[in-house]
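Chemist: File follows, target-v1.pdb with PDB, C-alpha atoms, pLDDT in the B column:
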```pdb
MODEL        1
ATOM      1  CA  MET M   1      79.352 -18.142  88.906  1.00 49.00           C
ATOM      2  CA  SER M   2      82.449 -16.309  90.059  1.00 66.00           C
ATOM      3  CA  LEU M   3      82.246 -12.866  91.586  1.00 85.00           C
ATOM      4  CA  GLU M   4      83.942 -10.238  89.429  1.00 91.00           C
ATOM      5  CA  TRP M   5      86.087  -7.699  91.276  1.00 95.00           C
ATOM      6  CA  ASN M   6      87.178  -4.474  89.618  1.00 96.00           C
ATOM      7  CA  GLU M   7      90.351  -2.643  90.552  1.00 96.00           C
ATOM      8  CA  GLU M   8      88.585  -0.085  92.749  1.00 96.00           C
ATOM      9  CA  GLN M   9      86.798  -2.796  94.744  1.00 97.00           C
ATOM     10  CA  THR M  10      90.022  -4.744  95.163  1.00 97.00           C
ATOM     11  CA  HIS M  11      91.860  -1.660  96.430  1.00 97.00           C
ATOM     12  CA  PHE M  12      89.002  -0.945  98.828  1.00 97.00           C
ATOM     13  CA  LEU M  13      89.241  -4.499 100.191  1.00 97.00           C
ATOM     14  CA  ILE M  14      92.999  -4.212 100.682  1.00 97.00           C
ATOM     15  CA  ASP M  15      92.705  -0.792 102.347  1.00 97.00           C
ATOM     16  CA  GLU M  16      89.969  -1.974 104.715  1.00 97.00           C
ATOM     17  CA  ARG M  17      91.964  -5.069 105.678  1.00 97.00           C
ATOM     18  CA  LYS M  18      95.095  -2.968 106.170  1.00 96.00           C
ATOM     19  CA  THR M  19      93.226  -0.410 108.287  1.00 96.00           C
ATOM     20  CA  GLY M  20      91.751  -3.176 110.434  1.00 95.00           C
ATOM     21  CA  ASN M  21      94.971  -5.196 110.682  1.00 94.00           C
ATOM     22  CA  GLU M  22      95.356  -4.833 114.452  1.00 95.00           C
ATOM     23  CA  VAL M  23      91.701  -5.682 115.083  1.00 93.00           C
ATOM     24  CA  TYR M  24      91.943  -8.650 112.705  1.00 93.00           C
ATOM     25  CA  HIS M  25      94.912 -10.155 114.523  1.00 93.00           C
ATOM     26  CA  LYS M  26      93.326  -9.629 117.943  1.00 92.00           C
ATOM     27  CA  THR M  27      90.079 -11.280 116.861  1.00 90.00           C
ATOM     28  CA  PRO M  28      89.615 -14.963 117.735  1.00 90.00           C
ATOM     29  CA  LYS M  29      89.425 -17.193 114.667  1.00 83.00           C
ATOM     30  CA  ARG M  30      85.688 -17.910 115.026  1.00 80.00           C
ATOM     31  CA  SER M  31      84.857 -14.198 115.163  1.00 86.00           C
ATOM     32  CA  LYS M  32      86.784 -13.252 112.020  1.00 95.00           C
ATOM     33  CA  THR M  33      83.549 -13.874 110.111  1.00 94.00           C
ATOM     34  CA  ASP M  34      82.172 -10.675 111.652  1.00 94.00           C
ATOM     35  CA  PHE M  35      85.301  -8.774 110.585  1.00 95.00           C
ATOM     36  CA  TRP M  36      84.833  -9.820 106.945  1.00 96.00           C
ATOM     37  CA  GLU M  37      81.076  -9.175 107.078  1.00 97.00           C
ATOM     38  CA  GLU M  38      81.738  -5.579 108.161  1.00 96.00           C
ATOM     39  CA  ILE M  39      84.031  -5.098 105.177  1.00 97.00           C
ATOM     40  CA  SER M  40      81.493  -6.656 102.803  1.00 98.00           C
ATOM     41  CA  ASN M  41      78.766  -4.368 104.140  1.00 98.00           C
ATOM     42  CA  LYS M  42      80.938  -1.301 103.487  1.00 98.00           C
ATOM     43  CA  LEU M  43      81.856  -2.593 100.039  1.00 97.00           C
ATOM     44  CA  ASN M  44      78.204  -3.179  99.143  1.00 97.00           C
ATOM     45  CA  GLU M  45      77.245   0.251 100.464  1.00 97.00           C
ATOM     46  CA  ASN M  46      80.010   1.998  98.509  1.00 96.00           C
ATOM     47  CA  ASN M  47      79.134   0.156  95.286  1.00 94.00           C
ATOM     48  CA  ASN M  48      75.362   0.175  95.737  1.00 96.00           C
ATOM     49  CA  THR M  49      75.332  -3.646  95.502  1.00 94.00           C
ATOM     50  CA  ASN M  50      74.317  -6.553  97.683  1.00 94.00           C
ATOM     51  CA  TYR M  51      76.387  -9.420  96.311  1.00 94.00           C
ATOM     52  CA  PHE M  52      79.655  -9.043  98.243  1.00 96.00           C
ATOM     53  CA  THR M  53      79.692 -11.358 101.259  1.00 97.00           C
ATOM     54  CA  GLY M  54      82.126 -11.703 104.126  1.00 97.00           C
ATOM     55  CA  GLU M  55      83.148 -15.083 102.763  1.00 96.00           C
ATOM     56  CA  ALA M  56      83.776 -13.619  99.286  1.00 97.00           C
ATOM     57  CA  CYS M  57      85.925 -10.846 100.788  1.00 97.00           C
ATOM     58  CA  ASN M  58      87.942 -13.340 102.816  1.00 96.00           C
ATOM     59  CA  LYS M  59      88.472 -15.597  99.794  1.00 96.00           C
ATOM     60  CA  LYS M  60      89.484 -12.671  97.589  1.00 96.00           C
ATOM     61  CA  PHE M  61      91.986 -11.431 100.156  1.00 96.00           C
ATOM     62  CA  LEU M  62      93.442 -14.925 100.581  1.00 95.00           C
ATOM     63  CA  SER M  63      93.814 -15.291  96.815  1.00 94.00           C
ATOM     64  CA  LEU M  64      95.566 -11.920  96.639  1.00 95.00           C
ATOM     65  CA  THR M  65      98.031 -12.891  99.361  1.00 93.00           C
ATOM     66  CA  ARG M  66      98.682 -16.267  97.707  1.00 87.00           C
ATOM     67  CA  ALA M  67      99.293 -14.563  94.355  1.00 82.00           C
ATOM     68  CA  TYR M  68     101.671 -12.122  96.036  1.00 80.00           C
ATOM     69  CA  TYR M  69     103.764 -14.853  97.647  1.00 75.00           C
ATOM     70  CA  VAL M  70     103.833 -16.960  94.473  1.00 79.00           C
ATOM     71  CA  SER M  71     105.056 -14.019  92.402  1.00 75.00           C
ATOM     72  CA  LYS M  72     107.674 -12.991  94.934  1.00 66.00           C
TER      73      LYS M  72
ENDMDL
END
```
Write out the structure in this file as structure tokens.
Modeler:
Amino acid sequence: MSLEWNEEQTHFLIDERKTGNEVYHKTPKRSKTDFWEEISNKLNENNNTNYFTGEACNKKFLSLTRAYYVSK
């Protein structure tokens, strides 16, 4: 089953990633999991859910960036 993202959740993900851009790029590759887990925790808290994971957030962001570069 695929995780459904609404527009508000997608914007939240983008804003959180943008806000944490400097931290993200300074974080060693192995520790980026923690970065995405923090975002997923905030997303779950804001939406009163428990199904967003760090991995799901990372995959969603990667798919958004791929879609951006393909459409460019």
Chemist: To verify the selection step, state as a count of residues only which residues the PyMOL selection byres ((chain M and resi 17) around 12) yields on this input.
Modeler: 32
Chemist: Once 8 Å is added on each side, what are the centre and the three edge lengths, in Å to one decimal, of the axis-aligned box enclosing the listed atoms of region 36-54 of chain M? Present them as AutoDock Vina command-line options.
Modeler:
```
--center_x 79.6 --center_y -4.9 --center_z 101.7 --size_x 26.5 --size_y 29.7 --size_z 28.9
```
Chemist: Work out how far CA of Arg30 (chain M) is from CA of Asn6 (chain M), in Å to one decimal.
Modeler: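 For CA of Asn6 (chain M) relative to CA of Arg30 (chain M), the distance reads 28.8 Å.
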Chemist: To one decimal place in Å, what is the distance between CA of Asn44 (chain M) and CA of Tyr68 (chain M)?
Modeler: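 Here the two named atoms are 25.3 Å from each other.
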Chemist: Could you check which of M:Ser71, M:Gln9, M:Thr33, M:Thr27 is closest to Phe52 (chain M), using only C-alpha atoms?
Modeler: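 Under the stated criterion, the closest residue is M:Gln9.
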